[in-house]
$ cat query21.pdb   # PDB, C-alpha atoms
ATOM      1  CA  ALA A   1      -3.139  11.111 -17.228
ATOM      2  CA  LEU A   2      -0.729  12.814 -14.877
ATOM      3  CA  VAL A   3      -0.127  11.013 -11.568
ATOM      4  CA  ILE A   4       1.578  12.989  -8.821
ATOM      5  CA  GLY A   5       3.581  10.742  -6.500
ATOM      6  CA  ALA A   6       5.188   7.345  -7.011
ATOM      7  CA  GLY A   7       3.960   5.839  -3.769
ATOM      8  CA  VAL A   8       1.786   2.754  -3.579
ATOM      9  CA  GLY A   9      -1.398   4.674  -4.445
ATOM     10  CA  GLY A  10       0.137   6.644  -7.300
ATOM     11  CA  LEU A  11       1.803   3.667  -8.917
ATOM     12  CA  THR A  12      -1.339   1.550  -8.560
ATOM     13  CA  ALA A  13      -3.389   4.286 -10.213
ATOM     14  CA  ALA A  14      -0.804   4.631 -12.979
ATOM     15  CA  VAL A  15      -0.828   0.890 -13.722
ATOM     16  CA  ALA A  16      -4.626   0.744 -13.739
ATOM     17  CA  LEU A  17      -4.911   3.743 -16.072
ATOM     18  CA  HIS A  18      -2.184   2.416 -18.373
ATOM     19  CA  ARG A  19      -3.902  -0.970 -18.608
ATOM     20  CA  ASP A  20      -7.100   0.861 -19.539
ATOM     21  CA  GLY A  21      -5.308   2.478 -22.476
ATOM     22  CA  TRP A  22      -4.383   5.866 -21.019
ATOM     23  CA  PRO A  23      -0.996   7.415 -21.662
ATOM     24  CA  VAL A  24       0.365   8.006 -18.139
ATOM     25  CA  THR A  25       3.129  10.185 -16.725
ATOM     26  CA  VAL A  26       4.144   9.725 -13.077
ATOM     27  CA  LEU A  27       5.863  12.633 -11.334
ATOM     28  CA  GLU A  28       7.861  12.054  -8.147
ATOM     29  CA  ARG A  29      10.043  14.612  -6.400
ATOM     30  CA  ALA A  30      12.352  12.043  -4.760
ATOM     31  CA  PRO A  31      15.467  11.570  -6.895
ATOM     32  CA  ARG A  32      15.118   7.773  -6.653
ATOM     33  CA  ILE A  33      12.815   5.199  -5.085
ATOM     34  CA  GLU A  34      14.565   3.113  -2.450
ATOM     35  CA  ALA A  35      13.957   1.384   0.847
ATOM     36  CA  VAL A  36      13.852   3.837   3.746
ATOM     37  CA  GLY A  37      13.378   1.442   6.650
ATOM     38  CA  ALA A  38       9.696   2.214   7.145
ATOM     39  CA  GLY A  39       6.867  -0.261   7.397
ATOM     40  CA  LEU A  40       3.917  -0.275   5.041
ATOM     41  CA  GLY A  41       0.437  -1.221   6.102
ATOM     42  CA  ILE A  42      -2.035  -2.215   3.411
ATOM     43  CA  THR A  43      -5.667  -2.552   4.422
ATOM     44  CA  PRO A  44      -7.979  -5.259   3.050
ATOM     45  CA  ASN A  45      -9.676  -2.677   0.786
ATOM     46  CA  ALA A  46      -6.305  -1.676  -0.641
ATOM     47  CA  LEU A  47      -5.508  -5.339  -1.317
ATOM     48  CA  ARG A  48      -8.814  -5.655  -3.186
ATOM     49  CA  ALA A  49      -7.751  -2.719  -5.375
ATOM     50  CA  LEU A  50      -4.394  -4.403  -5.999
ATOM     51  CA  ASP A  51      -6.280  -7.614  -6.881
ATOM     52  CA  LEU A  52      -8.109  -5.709  -9.632
ATOM     53  CA  ILE A  53      -4.841  -4.904 -11.381
ATOM     54  CA  GLY A  54      -3.300  -8.320 -10.737
ATOM     55  CA  PHE A  55      -0.833  -7.426  -7.954
ATOM     56  CA  GLY A  56      -2.720  -8.572  -4.847
ATOM     57  CA  ASP A  57      -1.187 -12.045  -4.652
ATOM     58  CA  THR A  58       2.301 -10.678  -5.294
ATOM     59  CA  VAL A  59       1.942  -8.208  -2.426
ATOM     60  CA  ARG A  60       0.512 -10.915  -0.154
ATOM     61  CA  SER A  61       3.516 -13.144  -0.903
ATOM     62  CA  LEU A  62       5.874 -10.394   0.307
ATOM     63  CA  ARG A  63       4.199  -9.744   3.642
ATOM     64  CA  THR A  64       6.112 -10.362   6.817
ATOM     65  CA  TRP A  65       3.504  -9.481   9.428
ATOM     66  CA  THR A  66       0.651 -11.849  10.141
ATOM     67  CA  GLY A  67      -0.421 -11.075  13.718
ATOM     68  CA  GLU A  68      -1.844  -7.883  15.111
ATOM     69  CA  GLY A  69      -0.756  -4.299  14.770
ATOM     70  CA  GLY A  70      -1.895  -0.747  15.175
ATOM     71  CA  LEU A  71      -0.773   2.807  15.636
ATOM     72  CA  ARG A  72       1.662   4.019  18.295
ATOM     73  CA  THR A  73       2.826   7.401  19.459
ATOM     74  CA  PRO A  74       6.533   8.237  19.018
ATOM     75  CA  SER A  75       7.030   7.165  22.656
ATOM     76  CA  GLY A  76       5.545   3.716  21.886
ATOM     77  CA  ARG A  77       2.155   4.097  23.590
ATOM     78  CA  TRP A  78      -0.623   2.316  21.649
ATOM     79  CA  LEU A  79      -3.265   4.557  20.068
ATOM     80  CA  SER A  80      -5.192   1.696  18.467
ATOM     81  CA  ARG A  81      -4.713  -2.027  17.929
ATOM     82  CA  MET A  82      -6.153  -4.334  15.295
ATOM     83  CA  THR A  83      -6.058  -8.025  14.398
ATOM     84  CA  ASN A  84      -6.057  -9.401  10.848
ATOM     85  CA  ASP A  85      -9.534 -10.878  11.270
ATOM     86  CA  ALA A  86     -11.034  -7.658  12.629
ATOM     87  CA  ALA A  87      -9.472  -5.612   9.818
ATOM     88  CA  ALA A  88     -10.810  -8.004   7.171
ATOM     89  CA  GLU A  89     -14.349  -7.743   8.581
TER      90      GLU A  89
END
$ encode --input "query21.pdb" --output "structure tokens"
Amino acid sequence: ALVIGAGVGGLTAAVALHRDGWPVTVLERAPRIEAVGAGLGITPNALRALDLIGFGDTVRSLRTWTGEGGLRTPSGRWLSRMTNDAAAE
């Protein structure tokens, strides 16, 4: 399998395929993977997918946000807001 992109989705797919016996090659155009100062939001469905490959609890242990969040415009105006409970439902 050829996976294009070493982001969360690409690496999760690569791990799942590899565990299922596929030979996997991951292609990423960035010269190296490093912290860029951006936040990462993972929805409950994405955590369920990470649970299937055994990484859900590890990701949960690294979280730093536990309240509410949402999307903002570059000026800071809220576009949408969500709580943990509402997202899980």
$ atom_distance --input "query21.pdb" --atom1 "atom CA of A:Pro44" --atom2 "atom CA of A:Glu89"
8.8 Å
$ resolve_selection --input "query21.pdb" --expression "the PyMOL selection byres ((chain A and resi 63-76) around 12)" --output "MDAnalysis selection string"
chainID A and resid 39:43 47 56:62 77:88
$ closest_residue --input "query21.pdb" --among "A:Thr12, A:Asn45, A:Gly5, A:Phe55" --to "A:Pro31" --atoms "all atoms listed in the file"
A:Gly5
$ atom_distance --input "query21.pdb" --atom1 "atom CA of A:Val3" --atom2 "atom CA of A:Ala49"
16.9 Å
$ closest_residue --input "query21.pdb" --among "A:Gly7, A:Gly21, A:Ile53, A:Ala16" --to "A:Glu34" --atoms "all atoms listed in the file"
A:Gly7
$ decode --input "query21.pdb" --residues "stretch 30-56 of chain A" --atoms "N, CA, C and O atoms" --output "PDB file, in the first residue's frame"
ATOM      1  N   ALA A  30       7.168  16.948   3.421  1.00  0.00           N
ATOM      2  CA  ALA A  30       7.934  17.719   4.403  1.00  0.00           C
ATOM      3  C   ALA A  30       9.259  17.008   4.658  1.00  0.00           C
ATOM      4  O   ALA A  30       9.296  15.783   4.777  1.00  0.00           O
ATOM      5  N   PRO A  31      10.345  17.747   4.762  1.00  0.00           N
ATOM      6  CA  PRO A  31      11.648  17.112   4.966  1.00  0.00           C
ATOM      7  C   PRO A  31      11.760  16.403   6.312  1.00  0.00           C
ATOM      8  O   PRO A  31      12.522  15.470   6.474  1.00  0.00           O
ATOM      9  N   ARG A  32      11.001  16.838   7.307  1.00  0.00           N
ATOM     10  CA  ARG A  32      10.993  16.166   8.610  1.00  0.00           C
ATOM     11  C   ARG A  32       9.680  16.500   9.308  1.00  0.00           C
ATOM     12  O   ARG A  32       9.042  17.502   9.038  1.00  0.00           O
ATOM     13  N   ILE A  33       9.291  15.640  10.228  1.00  0.00           N
ATOM     14  CA  ILE A  33       8.070  15.833  11.005  1.00  0.00           C
ATOM     15  C   ILE A  33       8.476  16.456  12.338  1.00  0.00           C
ATOM     16  O   ILE A  33       9.288  15.892  13.070  1.00  0.00           O
ATOM     17  N   GLU A  34       7.915  17.632  12.618  1.00  0.00           N
ATOM     18  CA  GLU A  34       8.261  18.312  13.865  1.00  0.00           C
ATOM     19  C   GLU A  34       7.086  19.168  14.326  1.00  0.00           C
ATOM     20  O   GLU A  34       6.169  19.445  13.559  1.00  0.00           O
ATOM     21  N   ALA A  35       7.135  19.574  15.562  1.00  0.00           N
ATOM     22  CA  ALA A  35       6.083  20.429  16.102  1.00  0.00           C
ATOM     23  C   ALA A  35       6.092  21.770  15.372  1.00  0.00           C
ATOM     24  O   ALA A  35       7.150  22.331  15.096  1.00  0.00           O
ATOM     25  N   VAL A  36       4.893  22.252  15.041  1.00  0.00           N
ATOM     26  CA  VAL A  36       4.793  23.526  14.320  1.00  0.00           C
ATOM     27  C   VAL A  36       3.989  24.558  15.100  1.00  0.00           C
ATOM     28  O   VAL A  36       3.688  25.624  14.588  1.00  0.00           O
ATOM     29  N   GLY A  37       3.606  24.240  16.323  1.00  0.00           N
ATOM     30  CA  GLY A  37       2.875  25.187  17.140  1.00  0.00           C
ATOM     31  C   GLY A  37       1.389  25.236  16.865  1.00  0.00           C
ATOM     32  O   GLY A  37       0.710  26.156  17.285  1.00  0.00           O
ATOM     33  N   ALA A  38       0.867  24.258  16.167  1.00  0.00           N
ATOM     34  CA  ALA A  38      -0.559  24.215  15.851  1.00  0.00           C
ATOM     35  C   ALA A  38      -1.260  23.236  16.778  1.00  0.00           C
ATOM     36  O   ALA A  38      -0.657  22.283  17.265  1.00  0.00           O
ATOM     37  N   GLY A  39      -2.530  23.476  16.998  1.00  0.00           N
ATOM     38  CA  GLY A  39      -3.328  22.548  17.787  1.00  0.00           C
ATOM     39  C   GLY A  39      -3.857  21.430  16.899  1.00  0.00           C
ATOM     40  O   GLY A  39      -3.884  21.547  15.677  1.00  0.00           O
ATOM     41  N   LEU A  40      -4.274  20.367  17.512  1.00  0.00           N
ATOM     42  CA  LEU A  40      -4.837  19.232  16.795  1.00  0.00           C
ATOM     43  C   LEU A  40      -6.108  18.813  17.497  1.00  0.00           C
ATOM     44  O   LEU A  40      -6.090  18.513  18.695  1.00  0.00           O
ATOM     45  N   GLY A  41      -7.197  18.829  16.757  1.00  0.00           N
ATOM     46  CA  GLY A  41      -8.462  18.382  17.312  1.00  0.00           C
ATOM     47  C   GLY A  41      -8.795  16.994  16.785  1.00  0.00           C
ATOM     48  O   GLY A  41      -8.728  16.762  15.582  1.00  0.00           O
ATOM     49  N   ILE A  42      -9.110  16.089  17.676  1.00  0.00           N
ATOM     50  CA  ILE A  42      -9.454  14.727  17.278  1.00  0.00           C
ATOM     51  C   ILE A  42     -10.870  14.446  17.762  1.00  0.00           C
ATOM     52  O   ILE A  42     -11.147  14.489  18.965  1.00  0.00           O
ATOM     53  N   THR A  43     -11.754  14.169  16.841  1.00  0.00           N
ATOM     54  CA  THR A  43     -13.152  13.928  17.171  1.00  0.00           C
ATOM     55  C   THR A  43     -13.332  12.556  17.817  1.00  0.00           C
ATOM     56  O   THR A  43     -12.461  11.690  17.715  1.00  0.00           O
ATOM     57  N   PRO A  44     -14.476  12.341  18.486  1.00  0.00           N
ATOM     58  CA  PRO A  44     -14.723  11.026  19.087  1.00  0.00           C
ATOM     59  C   PRO A  44     -14.641   9.880  18.074  1.00  0.00           C
ATOM     60  O   PRO A  44     -14.119   8.809  18.406  1.00  0.00           O
ATOM     61  N   ASN A  45     -15.116  10.089  16.844  1.00  0.00           N
ATOM     62  CA  ASN A  45     -15.007   9.021  15.835  1.00  0.00           C
ATOM     63  C   ASN A  45     -13.554   8.720  15.501  1.00  0.00           C
ATOM     64  O   ASN A  45     -13.183   7.561  15.290  1.00  0.00           O
ATOM     65  N   ALA A  46     -12.727   9.744  15.442  1.00  0.00           N
ATOM     66  CA  ALA A  46     -11.306   9.524  15.171  1.00  0.00           C
ATOM     67  C   ALA A  46     -10.656   8.760  16.323  1.00  0.00           C
ATOM     68  O   ALA A  46      -9.811   7.890  16.101  1.00  0.00           O
ATOM     69  N   LEU A  47     -11.048   9.073  17.558  1.00  0.00           N
ATOM     70  CA  LEU A  47     -10.514   8.322  18.698  1.00  0.00           C
ATOM     71  C   LEU A  47     -10.934   6.868  18.645  1.00  0.00           C
ATOM     72  O   LEU A  47     -10.154   5.975  19.006  1.00  0.00           O
ATOM     73  N   ARG A  48     -12.148   6.594  18.176  1.00  0.00           N
ATOM     74  CA  ARG A  48     -12.583   5.190  18.034  1.00  0.00           C
ATOM     75  C   ARG A  48     -11.695   4.462  17.025  1.00  0.00           C
ATOM     76  O   ARG A  48     -11.345   3.294  17.216  1.00  0.00           O
ATOM     77  N   ALA A  49     -11.337   5.151  15.937  1.00  0.00           N
ATOM     78  CA  ALA A  49     -10.444   4.544  14.944  1.00  0.00           C
ATOM     79  C   ALA A  49      -9.074   4.286  15.562  1.00  0.00           C
ATOM     80  O   ALA A  49      -8.469   3.230  15.337  1.00  0.00           O
ATOM     81  N   LEU A  50      -8.579   5.235  16.361  1.00  0.00           N
ATOM     82  CA  LEU A  50      -7.294   5.023  17.028  1.00  0.00           C
ATOM     83  C   LEU A  50      -7.378   3.892  18.048  1.00  0.00           C
ATOM     84  O   LEU A  50      -6.411   3.162  18.252  1.00  0.00           O
ATOM     85  N   ASP A  51      -8.550   3.730  18.690  1.00  0.00           N
ATOM     86  CA  ASP A  51      -8.747   2.596  19.604  1.00  0.00           C
ATOM     87  C   ASP A  51      -8.564   1.264  18.876  1.00  0.00           C
ATOM     88  O   ASP A  51      -8.006   0.314  19.430  1.00  0.00           O
ATOM     89  N   LEU A  52      -9.043   1.187  17.643  1.00  0.00           N
ATOM     90  CA  LEU A  52      -8.964  -0.065  16.881  1.00  0.00           C
ATOM     91  C   LEU A  52      -7.535  -0.508  16.624  1.00  0.00           C
ATOM     92  O   LEU A  52      -7.275  -1.706  16.484  1.00  0.00           O
ATOM     93  N   ILE A  53      -6.614   0.450  16.552  1.00  0.00           N
ATOM     94  CA  ILE A  53      -5.215   0.064  16.322  1.00  0.00           C
ATOM     95  C   ILE A  53      -4.380   0.188  17.599  1.00  0.00           C
ATOM     96  O   ILE A  53      -3.159   0.099  17.556  1.00  0.00           O
ATOM     97  N   GLY A  54      -5.059   0.402  18.732  1.00  0.00           N
ATOM     98  CA  GLY A  54      -4.365   0.387  20.014  1.00  0.00           C
ATOM     99  C   GLY A  54      -3.718   1.683  20.451  1.00  0.00           C
ATOM    100  O   GLY A  54      -2.916   1.684  21.389  1.00  0.00           O
ATOM    101  N   PHE A  55      -4.053   2.816  19.813  1.00  0.00           N
ATOM    102  CA  PHE A  55      -3.426   4.091  20.161  1.00  0.00           C
ATOM    103  C   PHE A  55      -4.369   5.064  20.865  1.00  0.00           C
ATOM    104  O   PHE A  55      -3.943   6.141  21.273  1.00  0.00           O
ATOM    105  N   GLY A  56      -5.638   4.717  21.000  1.00  0.00           N
ATOM    106  CA  GLY A  56      -6.609   5.642  21.573  1.00  0.00           C
ATOM    107  C   GLY A  56      -6.239   6.113  22.970  1.00  0.00           C
ATOM    108  O   GLY A  56      -6.255   7.316  23.260  1.00  0.00           O
TER     109      GLY A  56
END
